[in-house]
file my_file.pdb (PDB, C-alpha atoms and all ligand atoms)
ATOM      1  CA  MET A1339     -17.009  -1.774   8.101
ATOM      2  CA  ALA A1340     -18.450  -5.178   8.839
ATOM      3  CA  THR A1341     -16.205  -7.543  10.705
ATOM      4  CA  ALA A1342     -16.840 -10.649   8.602
ATOM      5  CA  ALA A1343     -14.864 -13.737   9.497
ATOM      6  CA  MET A1344     -11.454 -13.880   7.901
ATOM      7  CA  GLN A1345     -10.235 -16.961   6.055
ATOM      8  CA  THR A1346      -7.422 -18.833   7.720
ATOM      9  CA  ASP A1347      -4.085 -18.662   5.928
ATOM     10  CA  GLU A1348      -4.505 -22.325   4.961
ATOM     11  CA  GLU A1349      -7.953 -21.697   3.454
ATOM     12  CA  PHE A1350      -6.643 -18.722   1.489
ATOM     13  CA  ILE A1351      -3.524 -20.539   0.266
ATOM     14  CA  ALA A1352      -5.769 -23.318  -1.070
ATOM     15  CA  THR A1353      -7.380 -20.784  -3.437
ATOM     16  CA  ASN A1354      -4.076 -20.495  -5.398
ATOM     17  CA  GLN A1355      -4.099 -16.750  -5.967
ATOM     18  CA  SER A1356      -1.431 -14.468  -7.378
ATOM     19  CA  ALA A1357      -0.671 -10.883  -6.450
ATOM     20  CA  PHE A1358       1.250  -7.881  -7.685
ATOM     21  CA  MET A1359       2.790  -5.076  -5.713
ATOM     22  CA  VAL A1360       3.813  -1.604  -6.752
ATOM     23  CA  GLY A1361       6.014   0.129  -4.178
ATOM     24  CA  ALA A1362       7.483  -3.029  -2.630
ATOM     25  CA  THR A1363      10.816  -1.296  -1.992
ATOM     26  CA  GLY A1364       9.230   1.377   0.217
ATOM     27  CA  GLU A1365       8.859   1.052   3.974
ATOM     28  CA  THR A1366       5.217  -0.008   3.865
ATOM     29  CA  GLY A1367       5.838  -2.188   0.826
ATOM     30  CA  LYS A1368       8.713  -3.993   2.539
ATOM     31  CA  HIS A1369       6.524  -4.808   5.526
ATOM     32  CA  ILE A1370       3.693  -6.020   3.295
ATOM     33  CA  LEU A1371       6.135  -8.214   1.406
ATOM     34  CA  GLU A1372       7.443  -9.713   4.646
ATOM     35  CA  GLU A1373       3.881 -10.420   5.778
ATOM     36  CA  LEU A1374       3.031 -12.036   2.434
ATOM     37  CA  THR A1375       6.158 -14.145   2.195
ATOM     38  CA  ASN A1376       6.195 -15.200   5.868
ATOM     39  CA  ARG A1377       2.643 -16.446   5.483
ATOM     40  CA  LYS A1378       3.218 -17.849   1.943
ATOM     41  CA  LEU A1379      -0.209 -16.587   0.937
ATOM     42  CA  PHE A1380       0.203 -16.260  -2.841
ATOM     43  CA  GLN A1381       1.440 -18.614  -5.548
ATOM     44  CA  THR A1382       3.341 -15.736  -7.122
ATOM     45  CA  ILE A1383       3.972 -12.161  -6.061
ATOM     46  CA  THR A1384       5.006  -9.913  -8.933
ATOM     47  CA  LEU A1385       6.941  -6.883  -7.756
ATOM     48  CA  ILE A1386       6.620  -4.030 -10.221
ATOM     49  CA  GLY A1387       9.200  -1.318  -9.595
ATOM     50  CA  ARG A1388      11.842   0.929 -11.063
ATOM     51  CA  ARG A1389      14.739  -1.180  -9.796
ATOM     52  CA  GLU A1390      15.510  -4.778  -8.934
ATOM     53  CA  VAL A1391      16.292  -5.828  -5.378
ATOM     54  CA  THR A1392      18.117  -8.898  -4.058
ATOM     55  CA  TYR A1393      15.976 -11.158  -1.894
ATOM     56  CA  GLU A1394      17.680 -14.142  -0.297
ATOM     57  CA  GLY A1395      15.901 -17.048   1.291
ATOM     58  CA  GLU A1396      13.467 -19.807   0.531
ATOM     59  CA  LYS A1397      10.445 -17.733   1.477
ATOM     60  CA  TYR A1398      11.085 -15.368  -1.455
ATOM     61  CA  GLN A1399      10.740 -18.120  -4.068
ATOM     62  CA  SER A1400       7.290 -16.911  -5.027
ATOM     63  CA  ILE A1401       8.632 -13.495  -6.066
ATOM     64  CA  VAL A1402       8.927 -12.346  -9.666
ATOM     65  CA  GLN A1403      10.495  -8.931 -10.266
ATOM     66  CA  LYS A1404       9.571  -6.687 -13.182
ATOM     67  CA  VAL A1405      11.471  -3.467 -13.741
ATOM     68  CA  VAL A1406       9.403  -0.842 -15.529
ATOM     69  CA  ASP A1407       9.616   2.720 -16.766
ATOM     70  CA  PHE A1408       6.841   4.425 -14.826
ATOM     71  CA  ASP A1409       6.699   7.248 -17.371
ATOM     72  CA  ASN A1410       5.805   4.694 -19.992
ATOM     73  CA  LEU A1411       3.691   2.181 -18.119
ATOM     74  CA  ASP A1412       1.423   1.430 -21.073
ATOM     75  CA  SER A1413       4.328  -0.388 -22.690
ATOM     76  CA  HIS A1414       4.466  -2.675 -19.623
ATOM     77  CA  ALA A1415       0.784  -3.621 -19.632
ATOM     78  CA  ASP A1416       1.734  -7.322 -19.669
ATOM     79  CA  VAL A1417       3.232  -7.246 -16.185
ATOM     80  CA  PHE A1418      -0.133  -6.200 -14.787
ATOM     81  CA  LYS A1419      -1.976  -9.161 -16.321
ATOM     82  CA  ASN A1420      -3.572 -12.074 -14.487
ATOM     83  CA  HIS A1421      -3.204 -11.056 -10.867
ATOM     84  CA  ASP A1422      -6.024 -11.712  -8.436
ATOM     85  CA  VAL A1423      -4.999  -9.114  -5.894
ATOM     86  CA  GLY A1424      -2.911  -5.937  -6.258
ATOM     87  CA  PHE A1425      -1.203  -3.891  -3.556
ATOM     88  CA  ILE A1426      -0.284  -0.314  -4.428
ATOM     89  CA  CYS A1427       1.823   1.523  -1.863
ATOM     90  CA  LEU A1428       3.763   3.909  -4.061
ATOM     91  CA  GLY A1429       4.658   7.388  -2.897
ATOM     92  CA  ALA A1430       7.131  10.155  -3.667
ATOM     93  CA  ARG A1431       9.549  11.043  -0.949
ATOM     94  CA  ALA A1432       8.202  14.103   0.735
ATOM     95  CA  GLY A1433      11.680  15.399   1.518
ATOM     96  CA  ASN A1434      12.683  17.585   4.395
ATOM     97  CA  THR A1435      10.729  20.665   3.528
ATOM     98  CA  GLY A1436       7.269  19.225   3.467
ATOM     99  CA  VAL A1437       5.033  17.541   0.963
ATOM    100  CA  THR A1438       4.145  20.694  -0.922
ATOM    101  CA  SER A1439       7.769  21.538  -1.764
ATOM    102  CA  ASN A1440       7.611  19.767  -5.109
ATOM    103  CA  LEU A1441       3.988  19.301  -6.039
ATOM    104  CA  PRO A1442       4.511  18.235  -9.667
ATOM    105  CA  ALA A1443       6.859  15.444  -8.558
ATOM    106  CA  LEU A1444       4.436  14.394  -5.830
ATOM    107  CA  ARG A1445       1.528  14.377  -8.253
ATOM    108  CA  LYS A1446       3.446  12.405 -10.849
ATOM    109  CA  VAL A1447       4.156   9.528  -8.461
ATOM    110  CA  ASP A1448       1.265   9.652  -5.985
ATOM    111  CA  HIS A1449      -1.369  10.290  -8.657
ATOM    112  CA  ASP A1450      -0.208   9.555 -12.192
ATOM    113  CA  TYR A1451       1.813   6.386 -11.524
ATOM    114  CA  VAL A1452      -0.749   5.074  -9.060
ATOM    115  CA  ILE A1453      -3.725   5.654 -11.345
ATOM    116  CA  LYS A1454      -1.993   4.212 -14.392
ATOM    117  CA  SER A1455      -1.020   1.134 -12.356
ATOM    118  CA  ALA A1456      -4.618   0.746 -11.199
ATOM    119  CA  GLU A1457      -5.940   1.171 -14.729
ATOM    120  CA  LEU A1458      -3.577  -1.474 -16.129
ATOM    121  CA  ALA A1459      -4.339  -3.805 -13.235
ATOM    122  CA  LYS A1460      -8.052  -3.554 -13.891
ATOM    123  CA  ALA A1461      -7.504  -4.127 -17.624
ATOM    124  CA  GLY A1462      -5.277  -7.098 -16.762
ATOM    125  CA  GLY A1463      -8.011  -8.801 -14.758
ATOM    126  CA  CYS A1464      -7.174  -7.853 -11.168
ATOM    127  CA  ARG A1465     -10.250  -8.421  -8.995
ATOM    128  CA  HIS A1466      -9.190  -6.876  -5.705
ATOM    129  CA  LEU A1467      -7.101  -3.712  -5.471
ATOM    130  CA  VAL A1468      -5.647  -2.787  -2.084
ATOM    131  CA  LEU A1469      -4.709   0.878  -2.273
ATOM    132  CA  LEU A1470      -2.642   2.803   0.261
ATOM    133  CA  SER A1471      -3.986   6.332   0.577
ATOM    134  CA  ALA A1472      -3.827   8.616   3.620
ATOM    135  CA  MET A1473      -5.918  10.025   6.439
ATOM    136  CA  LYS A1474      -8.004  13.054   5.417
ATOM    137  CA  ALA A1475      -7.802  12.171   1.717
ATOM    138  CA  SER A1476     -10.490  14.112  -0.102
ATOM    139  CA  LYS A1477     -10.827  15.461  -3.616
ATOM    140  CA  ASP A1478     -12.203  18.637  -2.018
ATOM    141  CA  ALA A1479      -9.382  19.049   0.511
ATOM    142  CA  SER A1480      -7.558  22.364   0.592
ATOM    143  CA  HIS A1481      -4.232  20.713   1.386
ATOM    144  CA  PRO A1482      -2.665  19.554  -1.894
ATOM    145  CA  TYR A1483      -1.403  16.242  -0.467
ATOM    146  CA  SER A1484      -4.850  15.277   0.848
ATOM    147  CA  LYS A1485      -6.419  16.496  -2.391
ATOM    148  CA  ILE A1486      -4.143  14.369  -4.558
ATOM    149  CA  LYS A1487      -4.858  11.328  -2.403
ATOM    150  CA  GLY A1488      -8.605  12.046  -2.581
ATOM    151  CA  GLU A1489      -8.529  12.407  -6.359
ATOM    152  CA  VAL A1490      -6.708   9.092  -6.636
ATOM    153  CA  GLU A1491      -9.354   7.408  -4.509
ATOM    154  CA  GLU A1492     -12.174   8.762  -6.693
ATOM    155  CA  GLU A1493     -10.466   7.787  -9.947
ATOM    156  CA  ALA A1494      -9.636   4.329  -8.612
ATOM    157  CA  LYS A1495     -13.294   3.834  -7.652
ATOM    158  CA  ALA A1496     -14.316   4.708 -11.213
ATOM    159  CA  PHE A1497     -12.336   1.757 -12.617
ATOM    160  CA  GLY A1498     -14.992  -0.547 -11.153
ATOM    161  CA  PHE A1499     -12.832  -3.176  -9.500
ATOM    162  CA  ASP A1500     -14.777  -6.124  -8.190
ATOM    163  CA  ARG A1501     -13.361  -5.007  -4.850
ATOM    164  CA  LEU A1502     -11.398  -1.912  -3.898
ATOM    165  CA  SER A1503      -9.958  -1.563  -0.394
ATOM    166  CA  ILE A1504      -8.714   1.925   0.397
ATOM    167  CA  PHE A1505      -6.450   2.394   3.402
ATOM    168  CA  GLN A1506      -6.310   5.776   5.090
ATOM    169  CA  PRO A1507      -3.622   5.526   7.777
ATOM    170  CA  ALA A1508      -2.618   8.356  10.066
ATOM    171  CA  VAL A1509       1.110   8.838  10.679
ATOM    172  CA  ILE A1510       2.921   5.572  10.013
ATOM    173  CA  MET A1511       5.289   4.800  12.872
ATOM    174  CA  VAL A1512       8.466   3.307  11.424
ATOM    175  CA  ASP A1513      12.197   3.622  12.016
ATOM    176  CA  ARG A1514      13.608   4.257   8.576
ATOM    177  CA  LYS A1515      17.122   2.898   8.126
ATOM    178  CA  ASP A1516      18.021   5.756   5.781
ATOM    179  CA  GLU A1517      16.202   8.475   7.709
ATOM    180  CA  THR A1518      16.460  11.682   5.699
ATOM    181  CA  ARG A1519      13.029  13.140   6.352
ATOM    182  CA  VAL A1520      13.732  15.505   9.208
ATOM    183  CA  GLY A1521      10.144  16.763   9.413
ATOM    184  CA  GLU A1522       8.752  13.241   9.535
ATOM    185  CA  TRP A1523      11.343  12.243  12.143
ATOM    186  CA  PHE A1524      10.354  15.126  14.465
ATOM    187  CA  LEU A1525       6.660  14.418  13.914
ATOM    188  CA  LYS A1526       7.090  10.792  14.903
ATOM    189  CA  LYS A1527       9.090  11.748  18.017
ATOM    190  CA  ALA A1528       6.399  14.252  19.014
ATOM    191  CA  LEU A1529       3.658  11.696  18.440
ATOM    192  CA  ALA A1530       5.315   8.881  20.395
ATOM    193  CA  PRO A1531       3.488   9.737  23.670
ATOM    194  CA  VAL A1532       0.193  10.045  21.784
ATOM    195  CA  ALA A1533       0.834   6.650  20.214
ATOM    196  CA  PHE A1534       1.396   5.230  23.691
ATOM    197  CA  PHE A1535      -1.681   6.662  25.413
ATOM    198  CA  PHE A1536      -4.075   6.813  22.399
ATOM    199  CA  PRO A1537      -2.719   4.168  20.017
ATOM    200  CA  THR A1538      -5.402   4.476  17.346
ATOM    201  CA  ALA A1539      -5.804   8.275  17.362
ATOM    202  CA  LEU A1540      -3.035   9.732  15.226
ATOM    203  CA  THR A1541      -0.593   6.933  14.501
ATOM    204  CA  VAL A1542      -0.325   3.370  13.295
ATOM    205  CA  PRO A1543       2.664   1.039  13.637
ATOM    206  CA  ILE A1544       3.885   0.019  10.205
ATOM    207  CA  ALA A1545       3.572  -3.686  11.019
ATOM    208  CA  THR A1546      -0.101  -3.183  11.918
ATOM    209  CA  LEU A1547      -0.755  -1.339   8.660
ATOM    210  CA  ALA A1548       0.992  -4.020   6.596
ATOM    211  CA  ARG A1549      -0.869  -6.832   8.337
ATOM    212  CA  ALA A1550      -4.157  -5.002   7.855
ATOM    213  CA  MET A1551      -3.527  -4.563   4.115
ATOM    214  CA  VAL A1552      -2.707  -8.255   3.788
ATOM    215  CA  ASN A1553      -5.533  -9.444   6.036
ATOM    216  CA  THR A1554      -8.080  -7.588   3.941
ATOM    217  CA  ALA A1555      -7.371 -10.040   1.106
ATOM    218  CA  LEU A1556      -8.431 -12.880   3.403
ATOM    219  CA  THR A1557     -11.581 -11.121   4.574
ATOM    220  CA  PRO A1558     -14.828 -11.759   2.692
ATOM    221  CA  LYS A1559     -16.038  -8.856   0.583
ATOM    222  CA  ASP A1560     -18.672  -6.751   2.294
ATOM    223  CA  GLN A1561     -19.013  -4.026  -0.335
ATOM    224  CA  ASP A1562     -17.370  -3.145  -3.651
ATOM    225  CA  VAL A1563     -15.485  -0.204  -2.162
ATOM    226  CA  GLU A1564     -14.351  -0.252   1.451
ATOM    227  CA  VAL A1565     -12.473   2.564   3.148
ATOM    228  CA  LEU A1566     -10.462   1.689   6.227
ATOM    229  CA  ASP A1567      -9.676   4.632   8.477
ATOM    230  CA  ASN A1568      -6.966   4.527  11.112
ATOM    231  CA  LYS A1569      -9.120   2.781  13.710
ATOM    232  CA  ALA A1570     -10.337   0.177  11.215
ATOM    233  CA  ILE A1571      -6.709  -0.409  10.202
ATOM    234  CA  HIS A1572      -5.806  -1.097  13.838
ATOM    235  CA  ARG A1573      -8.704  -3.559  14.066
ATOM    236  CA  MET A1574      -7.882  -5.327  10.795
ATOM    237  CA  GLY A1575      -4.156  -5.353  11.559
ATOM    238  CA  GLY A1576      -4.787  -6.890  14.965
ATOM    239  CA  LYS A1577      -6.343 -10.020  13.470
ATOM    240  CA  LYS A1578      -4.140 -13.086  13.282
TER
HETATM  241  P1  LIG B1601       8.377   5.094   0.893
HETATM  242  O1  LIG B1601       8.906   6.443   0.584
HETATM  243  O2  LIG B1601       9.089   4.320   1.953
HETATM  244  O3  LIG B1601       8.341   4.202  -0.449
HETATM  245  C1  LIG B1601       7.848   4.729  -1.612
HETATM  246  C2  LIG B1601       7.818   3.701  -2.735
HETATM  247  O4  LIG B1601       7.474   4.392  -3.936
HETATM  248  C3  LIG B1601       9.142   2.999  -2.992
HETATM  249  O5  LIG B1601       8.916   1.693  -3.454
HETATM  250  C4  LIG B1601       9.752   3.845  -4.090
HETATM  251  O6  LIG B1601      10.662   3.156  -4.934
HETATM  252  C5  LIG B1601       8.527   4.216  -4.901
HETATM  253  N1  LIG B1601       8.770   5.456  -5.648
HETATM  254  C6  LIG B1601       8.958   6.698  -5.132
HETATM  255  N2  LIG B1601       9.209   7.577  -6.129
HETATM  256  C7  LIG B1601       9.175   6.858  -7.289
HETATM  257  C8  LIG B1601       9.364   7.187  -8.662
HETATM  258  N3  LIG B1601       9.638   8.445  -9.052
HETATM  259  N4  LIG B1601       9.268   6.214  -9.581
HETATM  260  C9  LIG B1601       8.987   4.935  -9.205
HETATM  261  N5  LIG B1601       8.817   4.551  -7.921
HETATM  262  C10 LIG B1601       8.900   5.503  -6.979
HETATM  263  O7  LIG B1601       6.817   5.236   1.213
HETATM  264  P2  LIG B1601       5.991   4.893   2.533
HETATM  265  O8  LIG B1601       5.907   3.418   2.672
HETATM  266  O9  LIG B1601       6.463   5.723   3.671
HETATM  267  O10 LIG B1601       4.567   5.487   2.129
HETATM  268  C11 LIG B1601       3.791   4.834   1.159
HETATM  269  C12 LIG B1601       2.542   5.642   0.884
HETATM  270  O11 LIG B1601       1.824   5.859   2.098
HETATM  271  C13 LIG B1601       2.795   7.023   0.287
HETATM  272  O12 LIG B1601       1.903   7.229  -0.775
HETATM  273  C14 LIG B1601       2.464   7.979   1.416
HETATM  274  O13 LIG B1601       1.944   9.195   0.929
HETATM  275  C15 LIG B1601       1.393   7.205   2.170
HETATM  276  N6  LIG B1601       1.260   7.584   3.566
HETATM  277  C16 LIG B1601       2.367   7.747   4.342
HETATM  278  C17 LIG B1601       2.251   8.119   5.671
HETATM  279  C18 LIG B1601       3.469   8.244   6.542
HETATM  280  O14 LIG B1601       3.317   8.567   7.736
HETATM  281  N7  LIG B1601       4.668   8.012   6.022
HETATM  282  C19 LIG B1601       0.934   8.368   6.276
HETATM  283  C20 LIG B1601      -0.170   8.111   5.389
HETATM  284  C21 LIG B1601       0.005   7.739   4.084
HETATM  285  P3  LIG B1601      12.268   3.223  -4.683
HETATM  286  O15 LIG B1601      12.507   2.326  -3.497
HETATM  287  O16 LIG B1601      12.844   2.731  -5.930
HETATM  288  O17 LIG B1601      12.590   4.656  -4.353
END
call {"tool": "encode", "arguments": {"input": "my_file.pdb", "output": "structure tokens"}}
result
Amino acid sequence: MATAAMQTDEEFIATNQSAFMVGATGETGKHILEELTNRKLFQTITLIGRREVTYEGEKYQSIVQKVVDFDNLDSHADVFKNHDVGFICLGARAGNTGVTSNLPALRKVDHDYVIKSAELAKAGGCRHLVLLSAMKASKDASHPYSKIKGEVEEEAKAFGFDRLSIFQPAVIMVDRKDETRVGEWFLKKALAPVAFFFPTALTVPIATLARAMVNTALTPKDQDVEVLDNKAIHRMGGKK
């Protein structure tokens, strides 16, 4: 990916843009929201989710919350209208037994809800979609998780957004407050030395990922569809 100069926060703020987020209550979503609100980048940030959350503090004044029924998203088409930029970081909880333990549930959230959100966003006028996918995503993958992610990427491309930024992080390093994913917890512990000696190889700190997803909105478009792998995420997330 080209490393075109990024706008300053002040230059971007002057463009008066609005954003939506789907998945703002998740770990990645929370970090993106903090990045967005700390930097006051958007006039409004519409959080589209299945539940409302209490946000206290002046920096959250730009937030509008919309509670939707994800099984009936077409009836909420209005909430997807008139956003310049959209961040989608939705994902089903993988649980303790691995991501393939409940494939229909995984597919429903990670594919169906994501694709319907993208479709409505495009119809509503969103120009730039920032989509959280995963490393090794491929429609031809043998692993169902990677396959679902790959199918989502292909279908999102077909919507023809003016700009689509696909993020393919490796393992996201985060301390979850309500840690219930034993497999993920062990994986992160095992990968901690790798993260130390080879920071961009198999892991990415969640703050770096969130900053990268936000920074991409401030970076001039290089191509209609851009795919950021783990190393590119580290580079983009390192920019201030
Ligand atoms: P979280 O599990 O922390 O958050 C998931 C989000 O999706 C939450 O906002 C949650 O809402 C929402 N969600 C989950 N199920 C439903 C549902 N049935 N209906 C409506 N909303 C739902 O996700 P992460 O931030 O850890 O991961 C985000 C994405 O990144 C996922 O797609 C994941 O596959 C991908 N990814 C993760 C990696 C990792 O190492 N963890 C690595 C690479 C990619 P609520 O708060 O209401 O539950």
call {"tool": "closest_residue", "arguments": {"input": "my_file.pdb", "among": "A:Ser1480, A:Thr1366, A:Asn1568, A:Thr1557", "to": "Glu1349 in chain A", "atoms": "all atoms listed in the file"}}
result
A:Thr1557
call {"tool": "closest_residue", "arguments": {"input": "my_file.pdb", "among": "A:Ile1504, A:Ala1443, A:Leu1379, A:Val1552", "to": "ligand LIG 1601 (chain B)", "atoms": "only C-alpha atoms and all ligand atoms"}}
result
A:Ala1443
call {"tool": "closest_atom_pairs", "arguments": {"input": "my_file.pdb", "of": "chain A", "to": "ligand LIG 1601 (chain B)", "cutoff": "7 Å", "atoms": "all atoms listed in the file", "output": "tab-separated table"}}
result
residue	atom	partner	partner_atom	distance
A:Val1360	CA	B:LIG1601	O5	6.9
A:Gly1361	CA	B:LIG1601	O5	3.4
A:Ala1362	CA	B:LIG1601	O5	5.0
A:Thr1363	CA	B:LIG1601	O5	3.8
A:Gly1364	CA	B:LIG1601	O3	3.0
A:Glu1365	CA	B:LIG1601	O2	3.8
A:Thr1366	CA	B:LIG1601	O8	3.7
A:Gly1367	CA	B:LIG1601	O8	5.9
A:Gly1387	CA	B:LIG1601	N5	6.1
A:Arg1388	CA	B:LIG1601	C9	5.3
A:Arg1389	CA	B:LIG1601	O16	5.8
A:Phe1408	CA	B:LIG1601	C9	6.0
A:Cys1427	CA	B:LIG1601	C11	4.9
A:Leu1428	CA	B:LIG1601	O4	3.7
A:Gly1429	CA	B:LIG1601	O12	3.5
A:Ala1430	CA	B:LIG1601	N2	4.1
A:Arg1431	CA	B:LIG1601	O1	4.9
A:Val1447	CA	B:LIG1601	N3	5.6
A:Asp1448	CA	B:LIG1601	O12	5.8
A:Leu1470	CA	B:LIG1601	O11	5.7
A:Ser1471	CA	B:LIG1601	C21	5.5
A:Ala1472	CA	B:LIG1601	C21	4.0
A:Met1473	CA	B:LIG1601	C20	6.1
A:Gln1506	CA	B:LIG1601	C20	6.6
A:Pro1507	CA	B:LIG1601	C20	4.9
A:Ala1508	CA	B:LIG1601	C19	5.2
A:Val1509	CA	B:LIG1601	O14	3.7
A:Ile1510	CA	B:LIG1601	O14	3.8
A:Met1511	CA	B:LIG1601	O14	6.7
call {"tool": "closest_residue", "arguments": {"input": "my_file.pdb", "among": "A:Leu1411, A:Lys1526, A:Ser1484, A:Asn1354", "to": "Leu1540 in chain A", "atoms": "all atoms listed in the file"}}
result
A:Lys1526
call {"tool": "residues_around", "arguments": {"input": "my_file.pdb", "residues": "Lys1495 in chain A", "least_positions_apart": "6", "cutoff": "12 Å", "atoms": "all atoms listed in the file", "output": "MDAnalysis selection string"}}
result
chainID A and resid 1453 1456:1457 1460 1466:1469 1488:1489 1501:1504 1562:1565
call {"tool": "resolve_selection", "arguments": {"input": "my_file.pdb", "expression": "the PyMOL selection byres (((chain A and resi 1370) around 9) and not hetatm)", "output": "list of chain:residue names"}}
result
A:Ala1362, A:Glu1365, A:Thr1366, A:Gly1367, A:Lys1368, A:His1369, A:Leu1371, A:Glu1372, A:Glu1373, A:Leu1374, A:Thr1375, A:Phe1425, A:Ala1545, A:Leu1547, A:Ala1548, A:Arg1549, A:Met1551, A:Val1552
call {"tool": "resolve_selection", "arguments": {"input": "my_file.pdb", "expression": "the PyMOL selection byres (((chain A and resi 1380) around 10) and not hetatm)", "output": "ChimeraX atom specification"}}
result
/A:1350-1358,1374-1375,1377-1379,1381-1383,1400-1401,1422-1423
call {"tool": "atom_distance", "arguments": {"input": "my_file.pdb", "atom1": "CA of Glu1522 in chain A", "atom2": "CA of Lys1485 in chain A"}}
result
19.6 Å
call {"tool": "resolve_selection", "arguments": {"input": "my_file.pdb", "expression": "the PyMOL selection byres (((chain A and resi 1459) around 9) and not hetatm)", "output": "PyMOL selection string"}}
result
chain A and resi 1358+1415+1417-1421+1424+1454-1458+1460-1465+1467
call {"tool": "atom_distance", "arguments": {"input": "my_file.pdb", "atom1": "CA of Lys1577 in chain A", "atom2": "CA of Gly1395 in chain A"}}
result
26.3 Å
call {"tool": "closest_residue", "arguments": {"input": "my_file.pdb", "among": "A:Ala1533, A:Val1490, A:Ala1479, A:Val1542", "to": "Val1452 in chain A", "atoms": "all atoms listed in the file"}}
result
A:Val1490
call {"tool": "closest_residue", "arguments": {"input": "my_file.pdb", "among": "A:Asn1376, A:Tyr1451, A:Pro1531, A:Tyr1398", "to": "Asp1412 in chain A", "atoms": "only C-alpha atoms"}}
result
A:Tyr1451
call {"tool": "closest_residue", "arguments": {"input": "my_file.pdb", "among": "A:Met1359, A:Met1574, A:Lys1404, A:Glu1493", "to": "Ala1343 in chain A", "atoms": "only C-alpha atoms"}}
result
A:Met1574
call {"tool": "atom_distance", "arguments": {"input": "my_file.pdb", "atom1": "CA of Pro1537 in chain A", "atom2": "CA of Trp1523 in chain A"}}
result
18.0 Å
call {"tool": "build_atoms", "arguments": {"input": "my_file.pdb", "residues": "range 1387-1399 of chain A", "atoms": "N, CA, C and O atoms", "output": "short mmCIF file (atom, residue, chain, number, x, y, z; two decimals), in the frame of the given file"}}
result
data_model
loop_
_atom_site.label_atom_id
_atom_site.label_comp_id
_atom_site.auth_asym_id
_atom_site.auth_seq_id
_atom_site.Cartn_x
_atom_site.Cartn_y
_atom_site.Cartn_z
N GLY A 1387 8.49 -2.47 -10.15
CA GLY A 1387 9.20 -1.32 -9.60
C GLY A 1387 10.19 -0.75 -10.58
O GLY A 1387 10.35 -1.26 -11.69
N ARG A 1388 10.89 0.30 -10.15
CA ARG A 1388 11.84 0.93 -11.06
C ARG A 1388 13.24 0.34 -10.92
O ARG A 1388 14.17 0.75 -11.62
N ARG A 1389 13.42 -0.57 -9.97
CA ARG A 1389 14.74 -1.18 -9.80
C ARG A 1389 14.55 -2.58 -9.22
O ARG A 1389 13.54 -2.88 -8.60
N GLU A 1390 15.58 -3.42 -9.45
CA GLU A 1390 15.51 -4.78 -8.93
C GLU A 1390 16.21 -4.83 -7.57
O GLU A 1390 17.15 -4.09 -7.33
N VAL A 1391 15.75 -5.70 -6.72
CA VAL A 1391 16.29 -5.83 -5.38
C VAL A 1391 16.67 -7.29 -5.16
O VAL A 1391 16.05 -8.18 -5.74
N THR A 1392 17.73 -7.52 -4.34
CA THR A 1392 18.12 -8.90 -4.06
C THR A 1392 17.37 -9.41 -2.83
O THR A 1392 17.41 -8.78 -1.77
N TYR A 1393 16.67 -10.51 -3.01
CA TYR A 1393 15.98 -11.16 -1.89
C TYR A 1393 16.58 -12.54 -1.73
O TYR A 1393 16.63 -13.31 -2.69
N GLU A 1394 17.05 -12.84 -0.53
CA GLU A 1394 17.68 -14.14 -0.30
C GLU A 1394 16.86 -14.95 0.70
O GLU A 1394 16.48 -14.43 1.74
N GLY A 1395 16.63 -16.18 0.37
CA GLY A 1395 15.90 -17.05 1.29
C GLY A 1395 14.77 -17.77 0.60
O GLY A 1395 14.20 -17.28 -0.38
N GLU A 1396 14.48 -18.93 1.14
CA GLU A 1396 13.47 -19.81 0.53
C GLU A 1396 12.09 -19.14 0.45
O GLU A 1396 11.34 -19.33 -0.49
N LYS A 1397 11.79 -18.31 1.43
CA LYS A 1397 10.44 -17.73 1.48
C LYS A 1397 10.19 -16.76 0.31
O LYS A 1397 9.04 -16.43 0.04
N TYR A 1398 11.26 -16.32 -0.35
CA TYR A 1398 11.08 -15.37 -1.46
C TYR A 1398 10.93 -16.06 -2.81
O TYR A 1398 10.93 -15.40 -3.85
N GLN A 1399 10.81 -17.39 -2.79
CA GLN A 1399 10.74 -18.12 -4.07
C GLN A 1399 9.53 -17.75 -4.91
O GLN A 1399 9.55 -17.91 -6.13
#
